[in-house]
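Student: Structure provided below as C-alpha cells; questions to follow.
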Protein chains: 2
Amino acid sequence: MTGAECLLRTLAANGIDTCFMNPGTSEMHFVAALERVPAVRGVLCLVEGVCSGAADGYGRMRGTPAATLLHLGPGLANALSNLHNARKARTPVVNIVGEHSTTHLRYDAPLTADIEAFARTVSSYVRVAKDAADVAHATAETIQAAIAPPGHVSTLIVPADLSWSDTNARVPVITAAKRAMPPAERIEEAARLAQLPGTALLLGGTTINERALAAAGRLAARTGVRVLADRNAQRISSGRGRFQPVTVPYFPEPALAVLAEVRNLILVETQAPVSFFGYPNTPSYLLPESSTVSVLAERSEDGTGALEALQDACGAQKCAIPLSPPAAVATPAAGPLTLDSVAATLVLRLPEGAILADEMVSAGAVVVPHLVHAAPHDRLPVTGGSIGQGLPVALGAACALPDRKVVALEADGSGMYTLQALWTMVRENLDVVTVIFANRRYQILEIEMRRTGASLARGAAYDAIDISRPPLDWVQLANGMGMPASRATTGAEFDAQFRAAMEERGPRLIEALLTA
Amino acid sequence: MTGAECLLRTLAANGIDTCFMNPGTSEMHFVAALERVPAVRGVLCLVEGVCSGAADGYGRMRGTPAATLLHLGPGLANALSNLHNARKARTPVVNIVGEHSTTHLRYDAPLTADIEAFARTVSSYVRVAKDAADVAHATAETIQAAIAPPGHVSTLIVPADLSWSDTNARVPVITAAKRAMPPAERIEEAARLAQLPGTALLLGGTTINERALAAAGRLAARTGVRVLADRNAQRISSGRGRFQPVTVPYFPEPALAVLAEVRNLILVETQAPVSFFGYPNTPSYLLPESSTVSVLAERSEDGTGALEALQDACGAQKCAIPLSPPAAVATPAAGPLTLDSVAATLVLRLPEGAILADEMVSAGAVVVPHLVHAAPHDRLPVTGGSIGQGLPVALGAACALPDRKVVALEADGSGMYTLQALWTMVRENLDVVTVIFANRRYQILEIEMRRTGASLARGAAYDAIDISRPPLDWVQLANGMGMPASRATTGAEFDAQFRAAMEERGPRLIEALLTA
C-alpha cells in the first residue's frame, strides 16, 4: 500500500472515521487512497478554517478526534484561528498536513514555507514523517498526543513522496488514554473547604455536563457551597431539570461583583477567572486578593468523577438537586423581532438533546439566560475568542452525532468569517438549522468602543466597525450555497419558521432580522 | 496624543494612507484615533485574509506599502496565507497587530497566543512595541523593514495599553530605500553571455514591466538572446505593442521542453526555475544540468535599470522591439460559453491600463496566451500559490489606483476562499469587475489527480474534490453582499455583460458559467 493508504488505515484502526479536508496537489495520493479505505469519510470544505472548526465541533461532541487534511503551510495557516479555539477548548484534533516531496523541499518553490513553524503556534505536538515506513508510527504518535487528556491539537506533516511511496508497515493500535482521578487528599481538602462560608466551586473543561452538574447541585444543597461555571468551557449542558451554576460574566465589572464574596475558590478542570480583555481601570485577575485558590481536578484529570467523589465525601448523595423555578412560558411576540422573542421561541421549540453551536456574541447576554428553561441540551460556546467558529463547529457536531438536532446560533459579523460552512452542511445533508442574529452591527465592538470613551458619532471611527452598508442578505448568501433560507422580521415569523425547521430534517437557515 | 494616534501619524508621515482592517477590542483605541488622523483611510474587511490580500494588491500596484490592522494572534492567523503570497511576491506590507495589554498578558485569557510565532512564519521583520514612547520608533522601524528592497512583510505588535497611553514622541520620517544598480562587472558578463548561442534571460520580480520588456526586446533583436519570464512574478505588463517574453510553463514536462536548449541562464530579479510541485518521475530543477546560471540583478537590485544598461552595453538602443503579429480579432461565439470565447471578449473589450487580478488557476492556460493581443494592461498573477488571493488583490489594487479599471479573473473554487472581498468592493464603491470562471470543478486538482494515476471515476476520491454539488450560485452570493451580478452562459451573453461592465464604473460580478 502507499504511505497515504497506510496513514488512512492507521486513522481508521484508531477510531478516526471523519476527515474534514481541503486537499491540494501534495495530498492527491491521500485523496486517491480514500477509495480503498472506506472507513474514513472525507468531508470536503471550501476553506480550511471550516475544516478545523468542524474538527473542533466533532471532537467536543464525540470526545474523540476527527482529522483534518490540509494543503501545505498556507492551508494550515487558514486553519489556525479555529485550531486556536480548539486548543483553548482542549479538543482533540489530528491535523494531517501535506508537504512538498523531500526532494522538492530544497528549492524555494512558491508554496514552500516553514510548516512546522505554522503548526507549533497551535499544536501541543508536531511530528514530521521521516519516510514511508515511518508513516504508520508517526500517525499513531500524533493520535496518541491528541487524545492525551485533556485533549490536544496534534499535527502530522507528511511529505508527498512518503504518500506516494509503498510501505508494508504494520498499522499500530493505540490504547485509549483515560483521565486519572485526583488523589484522595485533594478531595478531602475540597470537602473541608466546601463546609466553610465563602467557598465556591468553579466548573470548567468537560465538567459542565449532566453528571457533574447533578453532583455539584447536591453539594450546594448539602454544604451551601456556591457553584460557578466558566463561560468558555468546551461544552455546557443546560436546560430544564439540570442544576444551574452561575456563569462568570464576560465584562470585568459584573464578574468582579459575582466573585466579590469568594474566600476560597475550588477549581475543577479550569483556572482562576481572568477577564477576557485587559482594560485601563479594571483588574485582569477577578478574584479578591485575599481569596485562596485550590484545585480539585486539573484540566487533565477526571473532574466529573472528582465532583462525585466530593459529593460522597460530603454525604450529599441523597440531597435533592436544587432546580430553577420553571419560567412562565412566554409567547413569541407578534411585534418586531427582539432577542427576547427569539429566546422565547428557543425555549418553546428546541427539541430535547439539541446541540447549540453558540457564536451569538453580544446577543448571548440576552439569550443564554433564557436557555435554562429550554429542553435539556448541550451548548458549544466560544472558547478561544477567535470569531468564525460557530458555523464550522455546528457542521462538525452534526457529523459527529447525526441523530441529534444541531442549531447554530450565529451573529452576522462572525458568521461572515466562515460562511462557506453552509455549503458543506448542504453537501452532507446535515441536520443543522442556522439562526443568524442579524443586527447588522459589530455590536460587541460598539460596546467596547464606548468603553474607550470614544464617540460613536458617525465618523471615521464608527465607519471602521460599521457592517450595515451594504447590508448583508443572508437568505441570498445561503441560497447561493444551495441552502433553503428564510428571513424573519417579527417574533411570530421567527417562531413559525423555527418551528417548521425543528419539525423537518436537513440544513436550513433563518435570518433573524433584529430591530431592537 | 495616544500611542494609537502616534502610530497612525507615523504611518501617515511616511506615506501610508490606507489600512485594511478588521479590528477587535484590543485595537479600539486605534480605531478611535482614525477620527483624528484623516490622512489614513481605514478600509473594513469582513475577514483578515481579505485585509492581507488587499494589502498585497495595493503594494504590488503602488510599490509602497499599505497597512493592515489585525486583532491579536487569531486575526493575524487568518491573514497568514495571503501574507505568504505577499512574501513570495516581495510586496511591502506593514501589519499592525493588537496584543493584550502588558498587564493582561501573563494570564491565560482565551485570546492569548504567541503572536510573534504567528508573525514570524511570514514576516521578514517582527517588532513588539515596548512602551507608549517607543510606538513611533517601532512603527518607523517596521515601515523601514517593509520598504527595504525588494519589499517585505513586516509586522508590528502593539499591546493595548500602549495604544491607550499618552505619548508626545516625535513622529519619525524615513528616507525611502532605493534599489541599487548591480555592479558593472555583472552587466559586462551578461553582455558577453548574451552574444553566445543558447543564452536566455529570465525576467522576474518587478522586471516584467514596460521599460524592462522594451529593453529585453531590443536585446533579443540585437543579440538573439531568448527572453523568458516567471509566471509568478509580482506584476506582469502585457498587451499589444509590448514585447512578449516566453513564460515558463506550470507543469514540469512543458517547462523542461521550453528550457531544454538553454546553455546559459541570466537571472533578473529571480531564481533558477523549479517546478511548482515535485512529482515522482520528473525533476524539480528545470534547467539542463550542464547549463550555467548567472545573475544580472539580485531580487533587491534594479533589474529594470540593469536591463537598460545591458541593452546599451550590447548596442541595442536603437533596435526595433520585436512584436507579436496582431491576432485576427475573434468574434465572441454565440454558442455555449468557452474559455476561448471569454478570452476573445477580454481581447476586444479590456480598456487600456486595466489591472487584471489573475486567479484563474486552470483557466489561465487557455486565457493568458490570448491577453498578448489585448490593450496594454498589468496582470497580477498568483505568486505564493495559496488560493484565495484574487478577489482581495483586486480590491487592494483598486484602492491603490482608483482611476484604473480593475478586472478580477477568478476561479470559482479559489474565489470561495475569500468571497467576503466582494462586500468591501461594494462598500468602497470600487471600480472592480469580477469574472468568475465557473466550471464548478477544482479542475487543477482533477488534472493533478490524473497525474497520480488514480481513477477519476465517481467514487470517494473524486467526491473529495467535487465542488459541483450543491452548485454555487455566484449571482446570489454577490447580491447577498450588495453587488450587482449577472450570469453568462453563451459567448454573446458574456460579451454583452462584460462590455456593459467596462462602460460603467463601480463593482459588478459576472458568473461565466463554462460548459467546455
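Order determines the names: the first chain of the C-alpha cells is A, the second B, and so forth; residues in each chain are numbered 1 upward, and ligands are numbered 1 upward as they are shown.
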Please identify all polymer residues within 10 Å of Asp108 (chain A), counting only C-alpha atoms, omitting same-chain residues fewer than 2 positions from it, and present them as a list in words.

Tutor: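 Contacts, in chain order: His104, Leu105, Arg106, Pro110, Leu111, Thr112 and Ala113 of chain A; Lys88, Gln271, Ala272, Pro273, Val274, Ser275 and Phe276 of chain B.
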
Student: List the spatial neighbours of Phe30 (chain B) as a ChimeraX atom specification - criterion: any atom at most 12 Å away, only C-alpha atoms, same-chain residues fewer than 5 positions off excluded.

Tutor: /A:449,452,454,460-462,464-465 /B:1-9,19,21-25,35-37,40,42,68-71,96-98,158-165

Student: Taking only C-alpha atoms into account, name the residue in B:Arg379, B:Arg170, B:Arg440, B:Arg120 that is nearest to chain A.

Tutor: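 Going through B:Arg379, B:Arg170, B:Arg440, B:Arg120 one by one, the smallest distance to chain A is for B:Arg120.
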
Student: Can you tell me which residues surround Ala485 (chain A) at a distance of at most 10 Å, considering only C-alpha atoms, apart from same-chain residues fewer than 5 positions away, and format the answer as a list in words?

Tutor: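 Answer for this query is Val433, Thr434, Val435, Trp474, Val475, Gln476, Leu477, Ala478, Asn479, Gln497, Pro507, Arg508, Leu509, Ile510 and Glu511 of chain A.
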
Student: With only C-alpha atoms as the counted atoms, please give the residues lying no more than 7 Å from region 225-235 of chain B, apart from itself and same-chain residues fewer than 4 positions off, as a list in words.

Tutor: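 Close residues of region 225-235 of chain B: Arg60, Ala89, Ala194, Thr199, Ala200, Leu201, Leu202, Leu203, Gly204, Gly205, Thr206, Ile208, Ala216, Leu219, Ala220, Pro245, Val246, Thr247, Val248, Asp378, Arg379, Leu380, Pro381, Val382 and Thr383 of chain B.
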
Student: Include N, CA and C atoms and write out the residues we just selected as a compact mmCIF listing (two decimals), in the first residue's frame.

Tutor:
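To be explicit, this is the file written out as part.txt:
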```txt
# COMPACT_ATOMS: atom_id res chain seq x y z
N ARG B 60 1.56 45.83 -4.63
CA ARG B 60 2.07 45.42 -5.95
C ARG B 60 1.81 46.50 -7.00
N ALA B 89 5.69 37.39 -3.35
CA ALA B 89 5.68 38.47 -4.35
C ALA B 89 6.69 39.56 -4.02
N ALA B 194 25.25 37.16 -23.55
CA ALA B 194 24.10 37.39 -24.45
C ALA B 194 24.46 37.12 -25.90
N THR B 199 21.89 31.25 -24.88
CA THR B 199 21.74 32.10 -23.69
C THR B 199 20.31 32.62 -23.61
N ALA B 200 19.81 32.65 -22.39
CA ALA B 200 18.46 33.20 -22.16
C ALA B 200 18.49 34.10 -20.94
N LEU B 201 17.65 35.12 -21.00
CA LEU B 201 17.39 35.96 -19.83
C LEU B 201 16.11 35.45 -19.17
N LEU B 202 16.10 35.41 -17.85
CA LEU B 202 14.85 35.08 -17.16
C LEU B 202 14.44 36.29 -16.33
N LEU B 203 13.31 36.89 -16.71
CA LEU B 203 12.82 38.08 -16.01
C LEU B 203 11.86 37.69 -14.90
N GLY B 204 12.02 38.29 -13.74
CA GLY B 204 11.10 38.05 -12.63
C GLY B 204 10.94 39.31 -11.81
N GLY B 205 10.46 39.16 -10.59
CA GLY B 205 10.31 40.29 -9.67
C GLY B 205 9.51 41.40 -10.29
N THR B 206 10.11 42.60 -10.33
CA THR B 206 9.39 43.77 -10.84
C THR B 206 9.75 44.05 -12.30
N ILE B 208 8.97 42.62 -15.22
CA ILE B 208 8.13 42.33 -16.38
C ILE B 208 7.25 43.56 -16.61
N ALA B 216 14.53 44.36 -22.99
CA ALA B 216 14.75 42.94 -23.27
C ALA B 216 14.46 42.62 -24.74
N LEU B 219 17.28 43.79 -26.81
CA LEU B 219 18.41 42.86 -26.63
C LEU B 219 18.21 41.61 -27.47
N ALA B 220 16.98 41.11 -27.47
CA ALA B 220 16.70 39.91 -28.26
C ALA B 220 16.94 40.17 -29.75
N PRO B 245 7.81 38.11 -23.69
CA PRO B 245 8.74 37.03 -23.34
C PRO B 245 7.98 35.69 -23.32
N VAL B 246 8.73 34.61 -23.26
CA VAL B 246 8.13 33.28 -23.16
C VAL B 246 7.98 32.93 -21.68
N THR B 247 6.77 32.70 -21.25
CA THR B 247 6.54 32.38 -19.84
C THR B 247 6.88 30.91 -19.58
N VAL B 248 7.60 30.66 -18.51
CA VAL B 248 7.95 29.29 -18.15
C VAL B 248 6.66 28.57 -17.73
N ASP B 378 -1.79 45.60 -16.91
CA ASP B 378 -0.96 44.95 -15.90
C ASP B 378 -1.73 43.78 -15.32
N ARG B 379 -1.04 42.65 -15.19
CA ARG B 379 -1.69 41.47 -14.63
C ARG B 379 -0.98 41.09 -13.34
N LEU B 380 -1.75 40.82 -12.30
CA LEU B 380 -1.20 40.41 -11.01
C LEU B 380 -1.47 38.93 -10.84
N PRO B 381 -0.46 38.10 -11.09
CA PRO B 381 -0.70 36.65 -11.07
C PRO B 381 -0.58 36.06 -9.66
N VAL B 382 -0.84 34.78 -9.57
CA VAL B 382 -0.56 34.00 -8.37
C VAL B 382 0.95 34.07 -8.09
N THR B 383 1.31 34.26 -6.84
CA THR B 383 2.74 34.33 -6.50
C THR B 383 3.16 33.21 -5.56
```

Student: Using only C-alpha atoms for the distances, tell me which of B:Arg186, B:Arg299, B:His100, B:Arg90 is nearest to chain A.

Tutor: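 Of the candidates, the smallest distance to chain A is held by B:His100.
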
Student: Just to confirm, what's the straight-line distance from CA of Ala169 (chain A) to CA of Ala133 (chain A) in Å (one decimal)?

Tutor: 5.8 Å
